[in-house]
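Shown here: final_37.csv, CSV, C-alpha atoms.
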chain,number,residue,atom,x,y,z
D,21,MET,CA,102.8,137.0,132.7
D,22,ASP,CA,106.0,137.2,130.6
D,23,LEU,CA,105.8,136.0,127.1
D,24,PRO,CA,108.5,133.3,127.6
D,25,GLU,CA,106.4,131.7,130.3
D,26,MET,CA,103.5,131.6,127.9
D,27,ASN,CA,105.7,130.0,125.3
D,28,GLU,CA,106.7,127.4,127.8
D,29,ILE,CA,103.1,126.5,128.5
D,30,ALA,CA,102.4,126.3,124.8
D,31,ARG,CA,105.4,124.1,124.4
D,32,ARG,CA,104.3,121.8,127.1
D,33,THR,CA,100.9,121.3,125.5
D,34,GLY,CA,102.7,120.6,122.2
D,35,ARG,CA,104.9,118.0,123.9
D,36,TYR,CA,102.0,116.2,125.6
D,37,SER,CA,101.4,113.8,122.7
D,38,LEU,CA,105.1,113.0,122.2
D,39,GLU,CA,106.6,112.7,125.7
D,40,ASP,CA,105.3,109.2,126.4
D,41,GLY,CA,106.9,107.7,123.3
D,42,ILE,CA,103.9,105.6,122.3
D,43,ASN,CA,103.3,107.4,119.0
D,44,GLU,CA,107.0,107.1,118.3
D,45,MET,CA,107.0,103.3,118.9
D,46,LEU,CA,104.0,102.8,116.7
D,47,PHE,CA,105.4,104.9,113.9
D,48,GLY,CA,108.7,103.0,114.3
D,49,PHE,CA,106.8,99.7,114.0
D,50,MET,CA,105.2,101.0,110.8
D,51,LEU,CA,108.6,101.9,109.4
D,52,VAL,CA,110.0,98.5,110.2
D,53,LEU,CA,107.1,97.0,108.2
D,54,VAL,CA,107.8,99.4,105.3
D,55,GLY,CA,111.5,98.5,105.4
D,56,LEU,CA,110.6,94.8,105.3
D,57,SER,CA,108.2,95.4,102.4
D,58,CYS,CA,110.9,97.3,100.5
D,59,PHE,CA,113.3,94.5,101.1
D,60,ALA,CA,110.7,92.0,99.8
D,61,GLU,CA,110.3,94.1,96.7
D,62,ALA,CA,114.1,94.2,96.1
D,63,VAL,CA,114.4,90.4,96.6
D,64,LEU,CA,111.3,89.3,94.8
D,65,LYS,CA,111.6,91.8,91.9
D,66,HIS,CA,112.6,89.1,89.5
D,67,ALA,CA,110.2,86.4,90.7
D,68,PRO,CA,107.6,85.8,88.0
D,69,VAL,CA,104.9,84.8,90.4
D,70,ILE,CA,104.6,88.2,92.1
D,71,GLY,CA,103.8,91.1,89.8
D,72,MET,CA,104.8,94.6,90.6
D,73,ASP,CA,101.1,95.7,90.7
D,74,SER,CA,100.3,93.3,93.4
D,75,TRP,CA,103.3,94.5,95.4
D,76,LYS,CA,102.2,98.1,95.0
D,77,VAL,CA,98.6,97.2,96.2
D,78,GLY,CA,100.0,95.3,99.1
D,79,PHE,CA,102.3,98.2,100.1
D,80,LEU,CA,99.5,100.7,99.9
D,81,ALA,CA,97.3,98.4,102.0
D,82,LEU,CA,100.1,98.0,104.5
D,83,VAL,CA,100.5,101.8,104.9
D,84,LEU,CA,96.8,102.6,105.0
D,85,CYS,CA,95.7,99.7,107.3
D,86,GLY,CA,98.8,100.1,109.4
D,87,SER,CA,98.2,103.8,109.9
D,88,PHE,CA,94.5,103.2,110.8
D,89,LEU,CA,95.4,100.4,113.3
D,90,CYS,CA,98.3,102.3,114.8
D,91,ARG,CA,96.0,105.3,115.4
D,92,ARG,CA,93.4,103.1,117.2
D,93,LEU,CA,96.0,101.2,119.2
D,94,GLY,CA,97.7,104.5,120.1
D,95,ARG,CA,94.4,105.9,121.4
D,96,LYS,CA,93.8,102.8,123.5
D,97,LEU,CA,97.4,102.8,124.9
D,98,LYS,CA,97.2,106.5,125.7
D,99,SER,CA,93.9,106.0,127.5
D,100,ARG,CA,95.3,103.1,129.5
D,101,PHE,CA,98.8,104.5,130.4
D,102,VAL,CA,99.1,108.2,129.7
D,103,GLU,CA,95.8,109.7,130.9
D,104,PRO,CA,96.1,108.4,134.5
D,105,ARG,CA,99.6,109.9,134.8
D,106,ALA,CA,99.5,113.0,132.7
D,107,GLY,CA,95.8,113.8,132.4
D,108,LEU,CA,94.0,114.5,129.1
D,109,ILE,CA,94.1,117.4,126.8
D,110,VAL,CA,92.1,117.9,123.6
D,111,LEU,CA,94.2,119.9,121.2
D,112,ARG,CA,92.6,122.8,119.3
D,113,LYS,CA,91.4,122.1,115.8
D,114,PRO,CA,93.3,124.0,113.1
D,115,THR,CA,91.4,126.9,111.6
D,116,ARG,CA,90.5,126.9,107.9
D,117,GLY,CA,93.3,129.4,107.2
D,118,ALA,CA,95.8,127.1,108.9
D,119,LYS,CA,94.5,124.1,107.0
D,120,LEU,CA,94.9,126.0,103.7
D,121,MET,CA,98.4,127.1,104.6
D,122,GLY,CA,99.3,123.5,105.5
D,123,LEU,CA,97.9,122.3,102.1
D,124,VAL,CA,99.9,125.0,100.2
D,125,PHE,CA,103.0,124.2,102.1
D,126,GLY,CA,102.6,120.5,101.5
D,127,VAL,CA,102.1,120.9,97.7
D,128,PHE,CA,105.1,123.3,97.5
D,129,PHE,CA,107.2,120.8,99.6
D,130,LEU,CA,106.3,117.9,97.3
D,131,PHE,CA,107.1,120.0,94.3
D,132,VAL,CA,110.5,120.9,95.6
D,133,LEU,CA,111.2,117.3,96.6
D,134,GLY,CA,110.2,116.1,93.1
D,135,PHE,CA,112.4,118.7,91.5
D,136,VAL,CA,115.4,117.8,93.7
D,137,LEU,CA,115.1,114.1,93.0
D,138,THR,CA,114.7,114.7,89.2
D,139,VAL,CA,117.7,116.9,89.1
D,140,ALA,CA,119.7,114.4,91.1
D,141,ARG,CA,118.7,111.6,88.8
D,142,HIS,CA,119.5,113.6,85.8
D,143,HIS,CA,123.0,114.7,86.8
D,144,TYR,CA,124.0,111.5,88.5
D,145,PRO,CA,122.2,108.7,86.6
D,146,ALA,CA,124.7,106.1,87.8
D,147,ALA,CA,124.3,106.8,91.5
D,148,SER,CA,121.5,104.9,93.2
D,149,GLY,CA,120.1,105.4,96.7
D,150,TRP,CA,119.3,109.2,96.1
D,151,TYR,CA,115.7,108.8,97.3
D,152,THR,CA,116.9,107.3,100.6
D,153,LEU,CA,119.4,110.1,101.2
D,154,VAL,CA,116.9,112.8,100.4
D,155,ILE,CA,114.2,111.2,102.6
D,156,SER,CA,116.7,110.8,105.5
D,157,VAL,CA,117.7,114.5,105.2
D,158,MET,CA,114.0,115.5,105.3
D,159,ILE,CA,113.2,113.3,108.3
D,160,SER,CA,116.3,114.6,110.1
D,161,GLY,CA,115.2,118.2,109.4
D,162,PHE,CA,111.7,117.6,110.7
D,163,LEU,CA,113.0,115.9,113.8
D,164,LEU,CA,115.5,118.6,114.5
D,165,ILE,CA,113.0,121.4,114.1
D,166,GLY,CA,110.5,119.5,116.2
D,167,GLY,CA,113.1,118.7,118.8
D,168,ILE,CA,114.3,122.3,119.1
D,169,GLN,CA,110.7,123.7,119.2
D,170,LEU,CA,109.5,121.3,121.8
D,171,ARG,CA,112.8,120.8,123.6
D,172,LEU,CA,112.9,117.1,123.2
D,173,ARG,CA,116.5,116.0,123.2
D,174,ARG,CA,115.9,112.5,122.0
D,175,PHE,CA,114.5,113.9,118.7
D,176,GLY,CA,118.0,115.5,118.1
D,177,ALA,CA,119.7,112.2,118.6
D,178,LEU,CA,117.2,110.5,116.2
D,179,ALA,CA,117.8,113.3,113.7
D,180,VAL,CA,121.6,112.6,113.8
D,181,PHE,CA,120.9,108.8,113.6
D,182,SER,CA,118.6,109.3,110.6
D,183,LEU,CA,121.1,111.4,108.7
D,184,ALA,CA,124.0,109.0,109.5
D,185,LEU,CA,121.8,106.1,108.3
D,186,GLY,CA,120.9,107.9,105.1
D,187,ILE,CA,124.5,108.7,104.3
D,188,ALA,CA,125.6,105.2,105.1
D,189,SER,CA,123.0,103.5,103.0
D,190,PHE,CA,123.8,105.9,100.1
D,191,SER,CA,127.5,105.4,100.4
D,192,LEU,CA,127.1,101.6,100.3
D,193,ARG,CA,125.4,101.9,96.9
D,194,LEU,CA,122.9,99.2,97.6
D,195,GLY,CA,120.4,100.6,95.1
D,196,ASP,CA,117.2,102.4,95.7
D,197,ASN,CA,115.1,99.5,97.1
D,198,LEU,CA,117.7,98.0,99.3
D,199,SER,CA,119.0,101.3,100.7
D,200,GLY,CA,115.4,102.3,101.4
D,201,ALA,CA,114.7,99.0,103.0
D,202,ALA,CA,117.8,99.3,105.2
D,203,TYR,CA,117.0,102.9,106.2
D,204,PHE,CA,113.4,102.3,107.1
D,205,PHE,CA,114.1,99.1,108.9
D,206,PHE,CA,116.9,100.5,111.1
D,207,PHE,CA,115.4,103.9,111.6
D,208,GLY,CA,112.1,102.1,112.6
D,209,LEU,CA,114.1,100.1,115.2
D,210,ALA,CA,115.7,103.3,116.5
D,211,LEU,CA,112.3,104.9,116.9
D,212,ILE,CA,111.0,101.8,118.8
D,213,ALA,CA,114.0,101.9,121.0
D,214,GLY,CA,113.8,105.7,121.7
D,215,GLY,CA,110.0,105.5,122.2
D,216,GLY,CA,110.5,102.5,124.5
D,217,LEU,CA,113.0,104.4,126.7
D,218,ALA,CA,110.7,107.4,126.8
D,219,LEU,CA,107.8,105.2,127.8
D,220,ARG,CA,109.8,103.5,130.5
D,221,SER,CA,110.7,106.8,132.2
D,222,PHE,CA,107.1,108.0,131.6
D,223,LEU,CA,105.6,105.0,133.4
D,224,ARG,CA,107.6,105.9,136.5
D,225,ARG,CA,105.4,108.9,137.1
D,226,PRO,CA,102.8,108.3,139.8
D,227,ILE,CA,99.2,107.6,138.9
D,228,LEU,CA,97.0,110.6,139.8
D,229,THR,CA,93.4,110.3,140.9
D,230,GLU,CA,90.7,112.9,140.9
D,231,ASN,CA,88.7,112.6,144.0
D,232,GLU,CA,86.4,115.5,144.1
D,233,PRO,CA,87.5,118.6,142.3
P,135,MET,CA,100.7,158.6,135.5
P,136,LYS,CA,100.6,157.6,131.8
P,137,GLN,CA,97.3,156.5,130.4
P,138,GLU,CA,98.7,153.1,129.4
P,139,ILE,CA,100.1,152.4,132.8
P,140,ARG,CA,96.9,153.6,134.4
P,141,ALA,CA,95.1,151.0,132.3
P,142,LEU,CA,97.0,148.4,134.4
P,143,VAL,CA,94.8,149.2,137.3
P,144,ASP,CA,91.8,148.1,135.3
P,145,VAL,CA,93.2,144.7,134.4
P,146,ASP,CA,90.8,141.8,134.8
P,147,ARG,CA,91.5,140.7,138.4
P,148,LEU,CA,89.8,137.4,137.9
P,149,ILE,CA,92.5,136.4,135.4
P,150,HIS,CA,95.3,138.5,136.9
P,151,GLU,CA,95.7,136.3,140.1
P,152,PRO,CA,98.8,134.2,139.3
P,153,ALA,CA,97.3,130.8,139.9
P,154,ARG,CA,94.2,131.6,137.8
P,155,LEU,CA,96.5,133.1,135.2
P,156,VAL,CA,98.3,129.8,134.8
P,157,ILE,CA,95.0,127.9,134.5
P,158,VAL,CA,93.6,130.3,131.9
P,159,THR,CA,96.9,130.3,129.9
P,160,THR,CA,97.0,126.5,129.9
P,161,LEU,CA,93.4,126.3,128.8
P,162,TYR,CA,94.0,129.0,126.2
P,163,PHE,CA,96.3,126.7,124.2
P,164,VAL,CA,94.0,123.7,124.1
P,165,GLU,CA,90.4,122.9,123.3
P,166,ALA,CA,89.9,121.2,126.6
P,167,ALA,CA,91.9,119.7,129.5
P,168,ASP,CA,90.9,117.5,132.4
P,169,PHE,CA,91.4,118.2,136.0
P,170,LEU,CA,94.5,115.8,136.3
P,171,TYR,CA,96.3,117.6,133.5
P,172,LEU,CA,95.7,121.0,135.1
P,173,LEU,CA,96.7,119.6,138.5
P,174,ARG,CA,100.0,118.4,137.0
P,175,GLU,CA,100.7,121.5,135.0
P,176,THR,CA,99.9,124.0,137.7
P,177,GLY,CA,101.4,122.1,140.6
P,178,MET,CA,98.5,123.2,142.8
P,179,THR,CA,96.8,121.1,145.4
P,180,LYS,CA,93.4,119.6,144.4
P,181,GLY,CA,91.5,121.9,146.7
P,182,ASN,CA,93.3,125.0,145.5
P,183,LEU,CA,92.8,124.1,141.9
P,184,SER,CA,89.2,123.3,142.5
P,185,SER,CA,88.5,126.6,144.2
P,186,HIS,CA,90.2,128.6,141.4
P,187,LEU,CA,88.3,126.7,138.8
P,188,ALA,CA,85.0,127.4,140.6
P,189,LYS,CA,85.8,131.1,140.6
P,190,LEU,CA,86.6,131.1,136.9
P,191,GLU,CA,83.4,129.1,136.3
P,192,ALA,CA,81.4,131.6,138.3
P,193,GLY,CA,82.9,134.4,136.3
P,194,GLY,CA,81.8,132.6,133.1
P,195,TYR,CA,85.4,132.2,131.9
P,196,VAL,CA,85.6,128.4,132.2
P,197,GLU,CA,83.1,125.7,131.4
P,198,ILE,CA,83.3,122.5,133.5
P,199,ASN,CA,81.8,119.2,132.5
P,200,LYS,CA,81.9,116.2,134.8
P,201,THR,CA,81.9,112.8,133.2
P,202,TYR,CA,83.2,109.3,134.0
P,203,ARG,CA,85.9,107.2,132.4
P,204,GLU,CA,85.5,103.5,133.3
P,205,LYS,CA,83.7,104.4,136.6
P,206,ILE,CA,86.4,106.9,137.5
P,207,PRO,CA,85.2,110.6,137.7
P,208,ARG,CA,86.7,112.9,135.2
P,209,THR,CA,86.3,116.7,135.1
P,210,ILE,CA,86.8,118.3,131.7
P,211,CYS,CA,87.5,122.1,131.7
P,212,ARG,CA,87.5,124.4,128.7
P,213,LEU,CA,87.8,128.1,128.3
P,214,SER,CA,84.5,129.7,127.2
P,215,SER,CA,84.4,132.2,124.4
P,216,ALA,CA,84.1,135.0,127.0
P,217,GLY,CA,87.1,133.6,128.8
P,218,ARG,CA,89.1,133.5,125.6
P,219,THR,CA,88.2,137.1,124.7
P,220,ALA,CA,88.9,138.2,128.3
P,221,PHE,CA,92.4,136.6,128.2
P,222,GLN,CA,93.2,138.1,124.8
P,223,GLN,CA,92.2,141.6,126.1
P,224,TYR,CA,94.2,141.0,129.3
P,225,ARG,CA,97.3,140.1,127.3
P,226,ALA,CA,97.0,143.0,125.0
P,227,ARG,CA,96.5,145.4,127.9
P,228,LEU,CA,99.5,144.0,129.7
P,229,LYS,CA,101.7,144.1,126.6
P,230,LYS,CA,100.8,147.6,125.9
P,231,ALA,CA,101.6,148.8,129.4
P,232,VAL,CA,104.9,147.0,129.4
P,233,THR,CA,105.9,148.3,126.0
P,234,SER,CA,105.0,151.9,127.0
P,235,MET,CA,107.1,151.5,130.2
P,236,GLU,CA,110.1,150.2,128.2
P,237,GLY,CA,109.9,152.8,125.4
Show the structure stored in the file as structure tokens.
Amino acid sequence: MDLPEMNEIARRTGRYSLEDGINEMLFGFMLVLVGLSCFAEAVLKHAPVIGMDSWKVGFLALVLCGSFLCRRLGRKLKSRFVEPRAGLIVLRKPTRGAKLMGLVFGVFFLFVLGFVLTVARHHYPAASGWYTLVISVMISGFLLIGGIQLRLRRFGALAVFSLALGIASFSLRLGDNLSGAAYFFFFGLALIAGGGLALRSFLRRPILTENEP
Amino acid sequence: MKQEIRALVDVDRLIHEPARLVIVTTLYFVEAADFLYLLRETGMTKGNLSSHLAKLEAGGYVEINKTYREKIPRTICRLSSAGRTAFQQYRARLKKAVTSMEG
């Protein structure tokens, strides 16, 4: 077998968990909540009743509980809608070396991100909304790389949208909180819409049954 | 005949058959896959896929586990360690032969 064919098979297994759009919709829903939470922080910042500590705890609880619930819901939805149409695969667990590489890459990435944000703040103290711009560029990059590797065209469109949204929210000079709120909210909506369209076309596939293999 | 090319004659014929090669390659990239996934990916008929899986199971390359999901039968297939090794050897041998022919 030619190597390109093998690559195509590997690509299809990589695409399995993304082609139905369910994970995208759930992640989009989480981002909408994060956006609303950022908006609440920006609006209620001066309210004496709500302290910043309670907001931070609430935000952390939202992210952690939301991720946990989304994972469970995602599994249920996949079992209900995806498995009868596309079957089931269990992806291979990463080796210890791969986990270590991931950890090193993650730490390095966070270091670079922190450095970029610090330099940006230092050189342009008056400009606000840097965080949102950097996050939008990062998300666009990830989406673009993923989209090219797995050949998912809608990821390319989402990458362009993310970048445009990041630039727009930075240009409007809304401040860090409001620009973050706007970015996460609208990008979350875009993910829900993209995932919804993908799910709609996925559900057109016929349901397969396994009589007796 | 070059030695590398002659080695092609000794390729694992259980894997070399195109339909089985697709099954083994698909299973190589995952921990496990069910019958429906393989059916969809390979484009074979149920009977054809079933017969190839049986041959691979008999050769010790594939482990098959039959379970139920909400009263619906589900067949989970995974590549055994012998199957994984055999596939890696098959790939290496084929690559070597192709490289020697090109160079």
- Give as a PyMOL selection string every residue of chain P that touches chain D within 10 Å, counting all atoms listed in the file. chain P and resi 150+152+155-156+159-175+180-185+187-188+200+203+206-212+225+228-229+232
- Residue neighbourhood segment 121-136 of chain D, 10 Å, all atoms listed in the file, exclusion window fewer than 3 positions, as a list in words: Pro114, Thr115, Arg116, Gly117, Ala118, Val139, Ala140, Arg141, His142, Trp150, Tyr151, Val154, Ile155 and Met158 of chain D
File of the preceding selection, C-alpha atoms, as a PDB file, in the frame of the given file:
ATOM      1  CA  PRO D 114      93.300 124.000 113.100  1.00  0.00           C
ATOM      2  CA  THR D 115      91.400 126.900 111.600  1.00  0.00           C
ATOM      3  CA  ARG D 116      90.500 126.900 107.900  1.00  0.00           C
ATOM      4  CA  GLY D 117      93.300 129.400 107.200  1.00  0.00           C
ATOM      5  CA  ALA D 118      95.800 127.100 108.900  1.00  0.00           C
ATOM      6  CA  VAL D 139     117.700 116.900  89.100  1.00  0.00           C
ATOM      7  CA  ALA D 140     119.700 114.400  91.100  1.00  0.00           C
ATOM      8  CA  ARG D 141     118.700 111.600  88.800  1.00  0.00           C
ATOM      9  CA  HIS D 142     119.500 113.600  85.800  1.00  0.00           C
ATOM     10  CA  TRP D 150     119.300 109.200  96.100  1.00  0.00           C
ATOM     11  CA  TYR D 151     115.700 108.800  97.300  1.00  0.00           C
ATOM     12  CA  VAL D 154     116.900 112.800 100.400  1.00  0.00           C
ATOM     13  CA  ILE D 155     114.200 111.200 102.600  1.00  0.00           C
ATOM     14  CA  MET D 158     114.000 115.500 105.300  1.00  0.00           C
TER      15      MET D 158
END
- Taking the point (126.0, 109.3, 105.0) as given in the file, collect each protein or nucleic acid residue that comes within 12 Å of it, counting only C-alpha atoms, and present the set as a ChimeraX atom specification. /D:149-150,152-154,156-157,180-193,199,203
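Put simply, atom CA of Met50 of chain D is 17.7 Å away from atom CA of Leu219 of chain D.
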- Item | Nearest-residue call for Cys85 of chain D, choices D:Leu194, D:Leu172, D:Leu53, D:Leu211, using all atoms listed in the file | D:Leu53
- Message: Set the distance at 12 Å and use only C-alpha atoms: which residues neighbour Glu44 of chain D once local chain neighbours fewer than 3 positions away are removed? I'd like the list as number ranges by chain.
- Response: D: 37-41, 47-51, 90-91, 94, 163, 174-175, 178, 207-219
- Would you mind reading off the distance between atom CA of Phe162 of chain D and atom CA of Phe222 of chain D, one decimal, in Å?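 Pair atom CA of Phe162 of chain D / atom CA of Phe222 of chain D returns 23.5 Å.
The environment of Cys58 of chain D within 7 Å, counting all atoms listed in the file and disregarding residues fewer than 2 places along the same chain, consists of D:Val54, D:Gly55, D:Leu56, D:Ala60, D:Glu61, D:Ala62, D:Asn197, D:Leu198, D:Gly200, D:Ala201.
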- Query: Which residue gives the smallest distance to Leu80 of chain D among D:Ser57, D:His143, D:Val52, D:Ser221, with only C-alpha atoms counted?
  - Reply: D:Ser57
- Task: Between atom CA of Ile149 of chain P and atom CA of Leu190 of chain P, measure the distance and give it in Å to one decimal.
- Result: 8.1 Å
Quick one: axis-aligned box around all listed atoms of segment 159-164 of chain P, 3 Å on every side, centre and edge lengths in Å to one decimal, written as JSON.
{"center_x": 95.2, "center_y": 127.0, "center_z": 127.0, "size_x": 9.6, "size_y": 12.6, "size_z": 11.8}
